[in-house]
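Have a look at structure_15.cif below; it lists mmCIF, C-alpha atoms.
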```cif
data_target
#
loop_
_atom_site.label_atom_id
_atom_site.label_comp_id
_atom_site.auth_asym_id
_atom_site.auth_seq_id
_atom_site.Cartn_x
_atom_site.Cartn_y
_atom_site.Cartn_z
CA MET A 1 42.28 32.04 -29.26
CA ILE A 2 43.95 28.91 -27.99
CA ALA A 3 45.81 26.51 -30.27
CA ILE A 4 44.02 23.24 -30.94
CA PRO A 5 44.36 20.78 -33.82
CA LEU A 6 41.50 21.16 -36.27
CA GLU A 7 40.41 17.53 -36.01
CA ASP A 8 40.06 17.79 -32.24
CA ARG A 9 38.20 21.04 -32.54
CA ILE A 10 35.73 19.47 -34.94
CA ALA A 11 35.40 16.40 -32.70
CA LEU A 12 34.49 18.66 -29.77
CA GLN A 13 31.96 20.59 -31.86
CA ASP A 14 30.48 17.29 -32.99
CA LEU A 15 30.26 16.07 -29.40
CA MET A 16 28.32 19.16 -28.32
CA THR A 17 26.13 18.99 -31.42
CA ALA A 18 25.47 15.28 -30.85
CA TYR A 19 24.29 16.13 -27.34
CA CYS A 20 21.73 18.55 -28.80
CA TYR A 21 20.45 15.95 -31.26
CA ALA A 22 20.25 13.35 -28.46
CA VAL A 23 18.41 15.63 -26.04
CA ASP A 24 16.01 16.74 -28.80
CA LYS A 25 15.14 13.21 -29.86
CA LEU A 26 13.35 12.77 -26.50
CA ALA A 27 13.96 9.04 -26.75
CA ASN A 28 16.84 6.66 -26.23
CA VAL A 29 18.64 8.11 -23.22
CA GLU A 30 21.43 5.58 -23.89
CA GLU A 31 22.44 7.58 -26.97
CA LEU A 32 22.79 10.63 -24.75
CA LEU A 33 24.72 8.75 -22.04
CA ALA A 34 27.16 7.45 -24.66
CA LEU A 35 28.50 11.02 -25.04
CA PHE A 36 29.60 11.19 -21.40
CA THR A 37 32.15 9.29 -19.34
CA GLU A 38 30.67 6.84 -16.85
CA GLY A 39 31.43 9.24 -13.98
CA ALA A 40 30.60 12.48 -15.78
CA VAL A 41 29.29 15.41 -13.79
CA LEU A 42 26.44 17.52 -15.16
CA ASP A 43 26.22 20.73 -13.20
CA PHE A 44 22.98 22.57 -13.96
CA THR A 45 22.92 24.35 -10.61
CA GLN A 46 23.58 27.77 -12.13
CA ILE A 47 20.16 27.55 -13.80
CA GLY A 48 18.41 26.17 -10.72
CA LEU A 49 18.45 22.53 -11.82
CA PRO A 50 20.26 19.48 -10.35
CA LEU A 51 23.90 18.50 -10.06
CA MET A 52 24.23 14.98 -11.44
CA ASN A 53 27.05 12.54 -10.75
CA GLY A 54 27.54 9.69 -13.19
CA HIS A 55 25.41 7.85 -15.72
CA GLY A 56 22.88 6.68 -13.12
CA GLU A 57 21.87 10.18 -12.01
CA ILE A 58 22.09 11.58 -15.55
CA LYS A 59 19.77 8.83 -16.79
CA GLN A 60 17.33 9.49 -13.96
CA PHE A 61 17.16 13.19 -14.85
CA PHE A 62 16.74 12.71 -18.60
CA ASP A 63 14.32 9.80 -18.23
CA ARG A 64 11.98 12.27 -16.58
CA VAL A 65 12.73 15.07 -19.08
CA PHE A 66 12.01 12.72 -21.99
CA ALA A 67 8.78 11.60 -20.32
CA ASP A 68 7.65 15.15 -19.57
CA MET A 69 8.47 16.90 -22.86
CA SER A 70 6.68 16.58 -26.19
CA HIS A 71 9.06 18.86 -28.13
CA HIS A 72 12.67 20.01 -27.81
CA ALA A 73 15.03 22.03 -30.00
CA HIS A 74 18.51 23.07 -28.87
CA TYR A 75 20.27 25.39 -31.32
CA ILE A 76 24.02 25.45 -30.74
CA SER A 77 26.42 28.10 -32.05
CA ASN A 78 29.39 30.28 -31.04
CA PHE A 79 31.75 27.32 -30.57
CA ARG A 80 34.93 28.36 -28.83
CA PRO A 81 37.81 26.15 -27.66
CA VAL A 82 38.92 27.38 -24.23
CA ARG A 83 41.45 24.74 -23.13
CA TYR A 84 43.56 22.14 -24.89
CA GLU A 85 46.04 19.76 -23.32
CA GLY A 86 46.20 16.96 -25.90
CA GLY A 87 44.20 14.39 -23.94
CA ALA A 88 41.82 16.89 -22.36
CA ALA A 89 40.06 19.94 -23.73
CA ALA A 90 37.20 22.31 -23.06
CA MET A 91 34.87 24.13 -25.40
CA THR A 92 32.08 26.61 -24.85
CA ALA A 93 29.06 27.30 -27.04
CA TYR A 94 25.86 29.31 -26.94
CA VAL A 95 22.53 27.52 -26.98
CA ILE A 96 18.96 28.59 -27.58
CA GLY A 97 16.95 25.82 -25.96
CA ILE A 98 13.24 25.65 -26.57
CA GLY A 99 10.78 23.07 -25.39
CA ARG A 100 7.17 22.20 -24.89
CA ALA A 101 5.98 19.96 -22.10
CA ARG A 102 3.19 17.42 -22.53
CA ASP A 103 1.04 19.62 -20.27
CA GLY A 104 1.37 22.49 -22.77
CA ASN A 105 3.83 24.57 -20.75
CA THR A 106 6.66 26.04 -22.83
CA VAL A 107 10.20 27.09 -22.01
CA GLU A 108 12.99 28.98 -23.78
CA VAL A 109 16.46 29.45 -22.38
CA ASN A 110 19.47 31.39 -23.62
CA VAL A 111 22.44 29.66 -22.14
CA GLN A 112 26.16 29.12 -22.50
CA TYR A 113 27.42 25.53 -22.30
CA LEU A 114 30.86 24.42 -21.13
CA PHE A 115 31.91 20.90 -22.14
CA GLU A 116 35.07 19.57 -20.52
CA ALA A 117 36.09 16.51 -22.49
CA VAL A 118 38.69 13.77 -22.40
CA ARG A 119 40.15 11.81 -25.25
CA GLN A 120 39.46 8.09 -25.03
CA SER A 121 41.94 5.36 -25.93
CA SER A 122 39.85 4.88 -29.09
CA GLY A 123 40.72 8.45 -30.07
CA SER A 124 37.20 9.78 -29.69
CA TRP A 125 36.19 12.38 -27.11
CA LEU A 126 33.72 12.06 -24.26
CA CYS A 127 32.45 14.77 -21.97
CA GLU A 128 33.40 14.42 -18.31
CA ARG A 129 31.92 17.67 -17.04
CA TYR A 130 29.12 19.72 -18.54
CA SER A 131 27.92 22.93 -16.97
CA MET A 132 25.95 25.92 -18.15
CA PHE A 133 24.85 29.37 -17.12
CA SER A 134 22.08 31.59 -18.38
CA MET A 135 22.85 34.64 -20.48
CA MET A 136 19.38 36.12 -19.94
CA PRO A 137 16.96 36.18 -16.98
CA LEU A 138 15.57 32.65 -16.60
CA PRO A 139 11.89 32.02 -17.32
CA GLY A 140 9.78 30.74 -14.42
CA SER A 141 8.64 27.84 -16.58
CA LEU A 142 12.12 26.29 -16.43
CA THR A 143 11.82 24.99 -12.88
CA GLU A 144 8.11 24.35 -13.34
CA ILE A 145 9.04 21.93 -16.10
CA HIS A 146 12.41 20.51 -15.06
CA GLY A 147 12.64 21.25 -11.34
CA GLU A 148 12.28 18.71 -8.54
CA HIS A 149 8.70 17.50 -8.30
CA MET B 1 29.72 10.32 -36.24
CA ILE B 2 30.32 9.20 -39.80
CA ALA B 3 33.65 9.65 -41.57
CA ILE B 4 33.70 12.37 -44.19
CA PRO B 5 36.60 14.33 -45.66
CA LEU B 6 36.76 17.82 -44.18
CA GLU B 7 36.54 19.56 -47.55
CA ASP B 8 33.35 17.73 -48.44
CA ARG B 9 31.89 18.44 -45.05
CA ILE B 10 32.57 22.14 -45.48
CA ALA B 11 31.18 22.08 -49.02
CA LEU B 12 27.93 20.58 -47.71
CA GLN B 13 27.71 23.17 -44.92
CA ASP B 14 28.32 25.89 -47.49
CA LEU B 15 25.59 24.47 -49.73
CA MET B 16 23.03 24.55 -46.92
CA THR B 17 24.18 28.00 -45.84
CA ALA B 18 24.01 29.28 -49.42
CA TYR B 19 20.42 28.07 -49.56
CA CYS B 20 19.58 30.21 -46.51
CA TYR B 21 21.21 33.29 -48.04
CA ALA B 22 19.38 32.67 -51.33
CA VAL B 23 15.97 32.18 -49.72
CA ASP B 24 16.50 35.25 -47.51
CA LYS B 25 17.44 37.52 -50.40
CA LEU B 26 13.83 37.25 -51.64
CA ALA B 27 15.05 37.96 -55.15
CA ASN B 28 16.81 36.06 -57.90
CA VAL B 29 15.26 32.62 -57.71
CA GLU B 30 17.91 31.48 -60.24
CA GLU B 31 20.55 31.76 -57.52
CA LEU B 32 18.48 29.41 -55.37
CA LEU B 33 17.84 26.97 -58.23
CA ALA B 34 21.57 26.81 -58.95
CA LEU B 35 22.05 24.94 -55.65
CA PHE B 36 19.81 22.07 -56.74
CA THR B 37 20.07 19.46 -59.49
CA GLU B 38 17.66 19.97 -62.39
CA GLY B 39 15.45 17.15 -61.14
CA ALA B 40 15.79 17.85 -57.42
CA VAL B 41 12.92 16.99 -55.11
CA LEU B 42 11.91 19.40 -52.34
CA ASP B 43 9.67 17.60 -49.91
CA PHE B 44 8.00 20.07 -47.54
CA THR B 45 5.01 17.79 -46.89
CA GLN B 46 5.99 17.12 -43.27
CA ILE B 47 5.29 20.79 -42.53
CA GLY B 48 2.09 20.91 -44.58
CA LEU B 49 3.63 22.50 -47.67
CA PRO B 50 4.11 21.13 -51.21
CA LEU B 51 6.23 18.38 -52.68
CA MET B 52 8.14 19.86 -55.61
CA ASN B 53 9.72 17.94 -58.46
CA GLY B 54 12.44 19.68 -60.45
CA HIS B 55 13.47 23.26 -61.15
CA GLY B 56 10.13 24.16 -62.73
CA GLU B 57 8.05 23.40 -59.67
CA ILE B 58 10.68 24.73 -57.27
CA LYS B 59 10.78 28.02 -59.19
CA GLN B 60 6.97 28.25 -59.16
CA PHE B 61 6.90 27.82 -55.36
CA PHE B 62 9.67 30.31 -54.59
CA ASP B 63 8.46 32.85 -57.15
CA ARG B 64 5.34 33.12 -55.04
CA VAL B 65 7.24 33.07 -51.72
CA PHE B 66 9.50 35.88 -52.93
CA ALA B 67 6.46 37.87 -54.11
CA ASP B 68 4.57 37.35 -50.84
CA MET B 69 7.32 37.98 -48.28
CA SER B 70 8.90 41.30 -47.32
CA HIS B 71 11.45 39.80 -44.85
CA HIS B 72 13.15 36.45 -44.33
CA ALA B 73 15.91 35.18 -42.03
CA HIS B 74 16.91 31.52 -41.84
CA TYR B 75 19.45 30.79 -39.09
CA ILE B 76 21.22 27.49 -39.69
CA SER B 77 23.20 25.54 -37.09
CA ASN B 78 23.79 22.00 -35.71
CA PHE B 79 25.35 20.74 -38.94
CA ARG B 80 25.71 16.96 -38.91
CA PRO B 81 26.93 14.69 -41.72
CA VAL B 82 24.67 11.62 -41.77
CA ARG B 83 25.79 9.74 -44.91
CA TYR B 84 28.88 9.76 -47.08
CA GLU B 85 29.59 7.60 -50.12
CA GLY B 86 32.19 9.66 -51.98
CA GLY B 87 29.94 10.93 -54.75
CA ALA B 88 26.83 11.26 -52.59
CA ALA B 89 26.31 12.53 -49.08
CA ALA B 90 23.65 13.77 -46.69
CA MET B 91 23.75 16.38 -43.96
CA THR B 92 21.21 17.58 -41.43
CA ALA B 93 21.00 20.97 -39.73
CA TYR B 94 18.64 22.87 -37.48
CA VAL B 95 17.02 26.05 -38.74
CA ILE B 96 15.16 28.91 -37.10
CA GLY B 97 13.19 30.41 -39.96
CA ILE B 98 11.48 33.73 -39.47
CA GLY B 99 9.57 35.78 -41.95
CA ARG B 100 7.18 38.61 -42.47
CA ALA B 101 4.67 38.67 -45.30
CA ARG B 102 3.81 41.84 -47.23
CA ASP B 103 0.36 41.71 -45.60
CA GLY B 104 1.98 41.97 -42.14
CA ASN B 105 1.53 38.35 -41.12
CA THR B 106 4.57 36.81 -39.44
CA VAL B 107 5.85 33.27 -39.16
CA GLU B 108 8.56 31.48 -37.17
CA VAL B 109 9.45 27.84 -37.61
CA ASN B 110 11.87 25.57 -35.76
CA VAL B 111 12.79 22.90 -38.23
CA GLN B 112 15.40 20.32 -39.09
CA TYR B 113 16.64 20.21 -42.69
CA LEU B 114 17.98 17.17 -44.52
CA PHE B 115 20.03 17.87 -47.65
CA GLU B 116 20.89 14.86 -49.80
CA ALA B 117 23.58 15.98 -52.21
CA VAL B 118 25.54 14.65 -55.14
CA ARG B 119 29.02 15.58 -56.29
CA GLN B 120 29.10 17.07 -59.76
CA SER B 121 31.78 16.37 -62.34
CA SER B 122 33.09 19.86 -61.56
CA GLY B 123 33.75 18.70 -57.99
CA SER B 124 31.07 20.90 -56.43
CA TRP B 125 27.99 19.57 -54.66
CA LEU B 126 24.34 20.08 -55.56
CA CYS B 127 21.31 19.10 -53.54
CA GLU B 128 19.08 16.46 -55.14
CA ARG B 129 16.62 16.02 -52.30
CA TYR B 130 15.76 18.48 -49.56
CA SER B 131 13.23 17.68 -46.86
CA MET B 132 12.45 19.03 -43.43
CA PHE B 133 10.36 18.37 -40.36
CA SER B 134 9.30 20.62 -37.54
CA MET B 135 10.86 20.29 -34.09
CA MET B 136 8.07 22.31 -32.44
CA PRO B 137 4.31 22.62 -33.02
CA LEU B 138 3.81 24.50 -36.30
CA PRO B 139 2.28 27.99 -36.20
CA GLY B 140 -1.00 28.44 -38.05
CA SER B 141 0.51 31.35 -39.96
CA LEU B 142 2.77 28.93 -41.89
CA THR B 143 0.05 27.62 -44.19
CA GLU B 144 -1.71 30.99 -44.19
CA ILE B 145 1.46 32.45 -45.72
CA HIS B 146 2.92 29.61 -47.81
CA GLY B 147 0.01 27.19 -48.30
CA GLU B 148 -1.93 26.69 -51.52
CA HIS B 149 -4.05 29.73 -52.32
CA MET C 1 31.64 30.20 -52.96
CA ILE C 2 34.98 31.96 -52.95
CA ALA C 3 38.28 30.15 -52.41
CA ILE C 4 39.88 30.77 -49.02
CA PRO C 5 42.40 28.69 -47.06
CA LEU C 6 40.70 26.80 -44.27
CA GLU C 7 42.90 28.27 -41.54
CA ASP C 8 42.02 31.82 -42.60
CA ARG C 9 38.37 30.94 -42.80
CA ILE C 10 38.45 29.58 -39.27
CA ALA C 11 40.40 32.62 -38.05
CA LEU C 12 37.70 34.90 -39.47
CA GLN C 13 34.92 32.85 -37.88
CA ASP C 14 36.81 32.97 -34.59
CA LEU C 15 37.19 36.74 -34.88
CA MET C 16 33.45 37.24 -35.37
CA THR C 17 32.66 34.77 -32.59
CA ALA C 18 35.13 36.47 -30.25
CA TYR C 19 33.32 39.74 -30.88
CA CYS C 20 30.06 38.15 -29.73
CA TYR C 21 31.66 36.81 -26.55
CA ALA C 22 33.25 40.21 -25.88
CA VAL C 23 30.06 42.18 -26.41
CA ASP C 24 28.09 39.70 -24.28
CA LYS C 25 30.51 39.86 -21.35
CA LEU C 26 29.37 43.46 -20.79
CA ALA C 27 32.71 44.20 -19.16
CA ASN C 28 36.26 44.82 -20.32
CA VAL C 29 35.81 46.91 -23.42
CA GLU C 30 39.55 46.50 -24.04
CA GLU C 31 38.96 42.86 -24.94
CA LEU C 32 36.47 44.01 -27.56
CA LEU C 33 38.76 46.74 -28.91
CA ALA C 34 41.58 44.23 -29.29
CA LEU C 35 39.62 42.61 -32.14
CA PHE C 36 39.67 45.81 -34.22
CA THR C 37 42.43 47.79 -35.86
CA GLU C 38 43.17 51.12 -34.17
CA GLY C 39 41.38 53.01 -36.94
CA ALA C 40 38.54 50.53 -37.47
CA VAL C 41 35.18 51.81 -38.65
CA LEU C 42 31.98 50.44 -37.12
CA ASP C 43 29.06 51.41 -39.29
CA PHE C 44 25.77 50.76 -37.51
CA THR C 45 23.90 53.43 -39.47
CA GLN C 46 21.76 50.89 -41.37
CA ILE C 47 20.09 50.00 -38.05
CA GLY C 48 19.78 53.61 -36.89
CA LEU C 49 22.83 53.61 -34.63
CA PRO C 50 26.13 55.51 -34.87
CA LEU C 51 29.04 55.42 -37.27
CA MET C 52 32.21 55.07 -35.20
CA ASN C 53 35.72 55.90 -36.30
CA GLY C 54 38.60 54.33 -34.40
CA HIS C 55 39.11 52.84 -30.94
CA GLY C 56 38.19 56.07 -29.15
CA GLU C 57 34.69 56.32 -30.58
CA ILE C 58 34.15 52.54 -30.41
CA LYS C 59 35.11 52.58 -26.71
CA GLN C 60 32.77 55.50 -26.03
CA PHE C 61 29.84 53.64 -27.61
CA PHE C 62 30.45 50.32 -25.86
CA ASP C 63 31.26 51.93 -22.51
CA ARG C 64 27.70 53.18 -22.54
CA VAL C 65 26.25 49.91 -23.85
CA PHE C 66 28.04 47.98 -21.11
CA ALA C 67 26.78 50.45 -18.50
CA ASP C 68 23.19 50.34 -19.77
CA MET C 69 22.72 46.61 -20.33
CA SER C 70 22.32 43.89 -17.71
CA HIS C 71 22.18 40.97 -20.20
CA HIS C 72 23.38 40.30 -23.72
CA ALA C 73 23.46 37.24 -25.98
CA HIS C 74 24.56 37.37 -29.61
CA TYR C 75 24.07 34.09 -31.48
CA ILE C 76 26.19 33.94 -34.62
CA SER C 77 25.68 31.53 -37.52
CA ASN C 78 25.60 31.33 -41.34
CA PHE C 79 29.29 32.20 -41.73
CA ARG C 80 30.16 32.96 -45.34
CA PRO C 81 33.48 34.15 -46.77
CA VAL C 82 32.72 36.84 -49.35
CA ARG C 83 36.19 38.17 -50.28
CA TYR C 84 39.74 36.88 -49.97
CA GLU C 85 42.90 38.58 -51.14
CA GLY C 86 45.54 36.92 -48.95
CA GLY C 87 46.13 39.85 -46.63
CA ALA C 88 42.54 41.05 -46.57
CA ALA C 89 39.25 39.22 -46.41
CA ALA C 90 35.59 39.69 -45.67
CA MET C 91 33.04 37.39 -44.07
CA THR C 92 29.33 37.70 -43.41
CA ALA C 93 27.27 35.99 -40.73
CA TYR C 94 23.75 36.10 -39.35
CA VAL C 95 23.20 37.17 -35.75
CA ILE C 96 20.29 36.95 -33.36
CA GLY C 97 21.09 39.62 -30.80
CA ILE C 98 19.08 39.78 -27.61
CA GLY C 99 19.53 42.04 -24.66
CA ARG C 100 17.98 43.41 -21.53
CA ALA C 101 18.69 46.91 -20.28
CA ARG C 102 19.10 47.72 -16.57
CA ASP C 103 15.79 49.62 -16.79
CA GLY C 104 14.03 46.39 -17.83
CA ASN C 105 13.61 47.24 -21.50
CA THR C 106 14.38 44.36 -23.84
CA VAL C 107 15.57 44.20 -27.42
CA GLU C 108 15.94 41.51 -30.08
CA VAL C 109 17.48 42.05 -33.47
CA ASN C 110 17.88 39.78 -36.50
CA VAL C 111 20.84 41.14 -38.35
CA GLN C 112 23.53 40.28 -40.84
CA TYR C 113 27.10 41.26 -39.98
CA LEU C 114 29.88 42.04 -42.42
CA PHE C 115 33.43 41.92 -41.04
CA GLU C 116 36.17 43.24 -43.31
CA ALA C 117 39.46 42.07 -41.85
CA VAL C 118 43.15 42.48 -42.44
CA ARG C 119 45.95 40.08 -41.64
CA GLN C 120 48.46 41.46 -39.17
CA SER C 121 52.21 40.92 -39.35
CA SER C 122 51.72 38.46 -36.46
CA GLY C 123 49.55 36.37 -38.77
CA SER C 124 46.34 37.01 -36.83
CA TRP C 125 43.37 38.88 -38.27
CA LEU C 126 41.78 42.11 -37.04
CA CYS C 127 38.58 43.73 -38.20
CA GLU C 128 38.97 47.09 -39.92
CA ARG C 129 35.36 47.63 -40.91
CA TYR C 130 32.27 46.15 -39.34
CA SER C 131 28.80 46.93 -40.62
CA MET C 132 25.40 45.33 -40.33
CA PHE C 133 21.88 45.51 -41.65
CA SER C 134 18.63 44.18 -40.29
CA MET C 135 16.93 41.19 -41.87
CA MET C 136 13.61 41.93 -40.13
CA PRO C 137 11.76 45.14 -39.19
CA LEU C 138 13.68 46.76 -36.32
CA PRO C 139 12.08 46.92 -32.88
CA GLY C 140 11.48 50.39 -31.45
CA SER C 141 13.35 49.39 -28.32
CA LEU C 142 16.64 49.33 -30.26
CA THR C 143 17.05 53.09 -30.44
CA GLU C 144 15.39 53.54 -27.03
CA ILE C 145 18.22 51.43 -25.59
CA HIS C 146 21.22 52.22 -27.78
CA GLY C 147 20.31 55.48 -29.52
CA GLU C 148 21.76 58.90 -28.72
CA HIS C 149 20.56 60.11 -25.34
#
```

Serialized structure, structure tokens:
Amino acid sequence: MIAIPLEDRIALQDLMTAYCYAVDKLANVEELLALFTEGAVLDFTQIGLPLMNGHGEIKQFFDRVFADMSHHAHYISNFRPVRYEGGAAAMTAYVIGIGRARDGNTVEVNVQYLFEAVRQSSGSWLCERYSMFSMMPLPGSLTEIHGEH
Amino acid sequence: MIAIPLEDRIALQDLMTAYCYAVDKLANVEELLALFTEGAVLDFTQIGLPLMNGHGEIKQFFDRVFADMSHHAHYISNFRPVRYEGGAAAMTAYVIGIGRARDGNTVEVNVQYLFEAVRQSSGSWLCERYSMFSMMPLPGSLTEIHGEH
Amino acid sequence: MIAIPLEDRIALQDLMTAYCYAVDKLANVEELLALFTEGAVLDFTQIGLPLMNGHGEIKQFFDRVFADMSHHAHYISNFRPVRYEGGAAAMTAYVIGIGRARDGNTVEVNVQYLFEAVRQSSGSWLCERYSMFSMMPLPGSLTEIHGEH
């Protein structure tokens, strides 16, 4: 286990948890964007979804997700700091993500998140790179719901 | 993220976790009641279940739950402090609640809990208002199992 | 709730979480063994699986698990310290364990873990006894997948 000050560890857990709350609210994409640096990269390619560069592309992706989904719940656990360099850090976590689209289609994923974060001058942490991989075979409904139309 | 002393944050997490252990034990309702103030309100109306006022009504509800269920497991995660005023605080969490009734019926809910707690003169925290809402469509078996008979 | 220093509490949570990561990697059984004392006992008898005594028997069991399974995900939550004596401590947690065998069989368990740990001269904690019980009826696929062949 790597050494990391407790307050930074909790800040990173809170950042990942805040992302889950924001993505589950299915409204107010600005609240979600506020957790990421302006140029943050979201790499969902390991689960067959897009690579996004910066707030503009992230907003575009989640605008459509929020429009398409009627329900979301992302359960986060198994927090684990994996890198700490004072001003930069990385943490992994496990997520059970479940959702229901407005068309009635449902999806459940069992994934592992990696958040690579940087400390801001304000002292708070923002994510600059967020990637994930699936721990179980992916359901076909995932790309039906979130894939390129 | 709101500011809250770490020890209070952990005490609130422990209170919510203790509730899950107590409700999953399916025995000893007194252990569950001990987590709530005498006049605590449990508002389950957003998931189609009762509003309970005080230990008497809470006991009545859980006496029947404990009699009806053979298995319970309430997985709690996504802890988030949402209010802190020194002597009073509120925390939310996500819960996957699964259960099996003695008649073989099963239920799974994906809910978000809100615990509003008050610090006691002893320094410990008790819940004075506990409410929840569902993050996914509710299964019909929920009111079959826990609804008014 | 028992009294336990925060750093020990976090170390115990990290130990249990590290076990989940190790068992989900499905490779490198040495990384898993490193979390247990040389003579550690793993008692899985309450879910119909073996009792293992020491690294040799633990390795034998997980060598086969890692060979048989293509996917694993163990979600851990509801951490609760249950004993603390300075140099020894115990913690419980809830786990949703899901897996897929190479033959396509799948398994999901809803269990409660108990880790009984001892502080090493290095200051770190190792598990010396790990047991679990199921919170829900066990699926038949559990012993099909992990039982004695």

**Message:** When you look at Asp103 (chain B) with a cut-off of 10 Å (counting all atoms listed in the file), what residues show up, excluding the ones that are within fewer than 2 positions of it in the same chain? I need them as number ranges by chain.
**Reply:** B: 68-70, 100-101, 105-106, 145

Selection to disk with C-alpha atoms, as a PDB file, in the frame of the given file:
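Written file, result_19.pdb:
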```pdb
ATOM      1  CA  ASP B  68       4.570  37.350 -50.840  1.00  0.00           C
ATOM      2  CA  MET B  69       7.320  37.980 -48.280  1.00  0.00           C
ATOM      3  CA  SER B  70       8.900  41.300 -47.320  1.00  0.00           C
ATOM      4  CA  ARG B 100       7.180  38.610 -42.470  1.00  0.00           C
ATOM      5  CA  ALA B 101       4.670  38.670 -45.300  1.00  0.00           C
ATOM      6  CA  ASN B 105       1.530  38.350 -41.120  1.00  0.00           C
ATOM      7  CA  THR B 106       4.570  36.810 -39.440  1.00  0.00           C
ATOM      8  CA  ILE B 145       1.460  32.450 -45.720  1.00  0.00           C
TER       9      ILE B 145
END
```

**Message:** Assuming the chain letters and numbering stay as they are in my file, what does the PyMOL selection byres ((chain A) within 7 of (chain C)) actually select? List them as a list in words.
**Reply:**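 Given this file, the PyMOL selection byres ((chain A) within 7 of (chain C)) evaluates to Ser77, Asn78, Tyr94, Met135 and Met136 of chain A.
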
**Message:** Need to verify the contact set: Ser131 (chain B), 6 Å, all atoms listed in the file, exclusion of same-chain residues closer than 4 positions in sequence. Can you return it as a list in words?
**Reply:**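 Near neighbours after the sequence-gap exclusion: Leu42, Asp43, Phe44, Tyr113 and Leu114 of chain B.
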
**Request:** Figure out the distance between CA of Leu138 (chain B) and CA of Ile47 (chain B), please, to one decimal in Å.
**Result:**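 Taking CA of Ile47 (chain B) and CA of Leu138 (chain B), their separation equals 7.4 Å.
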
**Near-Arg64 (chain A) list (12 Å; only C-alpha atoms; drop same-chain fewer than 5 positions) as JSON, numbers by chain** = {"A": [23, 26, 27, 29, 57, 58, 59, 69, 70, 101, 102, 145, 146, 147, 148, 149]}

**Fill in**
Computed gap from CA of Glu116 (chain C) to CA of Arg83 (chain C) is 8.6 Å

Test item: the PyMOL selection byres ((chain C and resi 118) around 8) resolved as an mmCIF file with C-alpha atoms, in the frame of the given file:
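Result file result09.cif:
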```cif
data_model
loop_
_atom_site.group_PDB
_atom_site.id
_atom_site.type_symbol
_atom_site.label_atom_id
_atom_site.label_comp_id
_atom_site.auth_asym_id
_atom_site.auth_seq_id
_atom_site.Cartn_x
_atom_site.Cartn_y
_atom_site.Cartn_z
ATOM 1 C CA GLY C 87 46.130 39.850 -46.630
ATOM 2 C CA ALA C 88 42.540 41.050 -46.570
ATOM 3 C CA ALA C 89 39.250 39.220 -46.410
ATOM 4 C CA GLU C 116 36.170 43.240 -43.310
ATOM 5 C CA ALA C 117 39.460 42.070 -41.850
ATOM 6 C CA ARG C 119 45.950 40.080 -41.640
ATOM 7 C CA GLN C 120 48.460 41.460 -39.170
ATOM 8 C CA TRP C 125 43.370 38.880 -38.270
ATOM 9 C CA LEU C 126 41.780 42.110 -37.040
ATOM 10 C CA CYS C 127 38.580 43.730 -38.200
ATOM 11 C CA GLU C 128 38.970 47.090 -39.920
#
```

**Request:** On this file, the PyMOL selection byres ((chain B and resi 53) around 10) gives some set of residues; write that set as a VMD selection string.
**Result:** chain B and resid 38 to 43 50 to 52 54 to 58 129

**Asked** Between CA of Ala90 (chain C) and CA of Leu12 (chain C), what is the spacing in Å?
**Response** 8.1 Å

Output, as JSON, the centre and edge lengths in Å (one decimal) of the axis-aligned box that contains all listed atoms of region 12-21 of chain C with 8 Å of margin on each side.
```
{"center_x": 33.9, "center_y": 36.3, "center_z": -33.0, "size_x": 23.6, "size_y": 22.9, "size_z": 28.9}
```
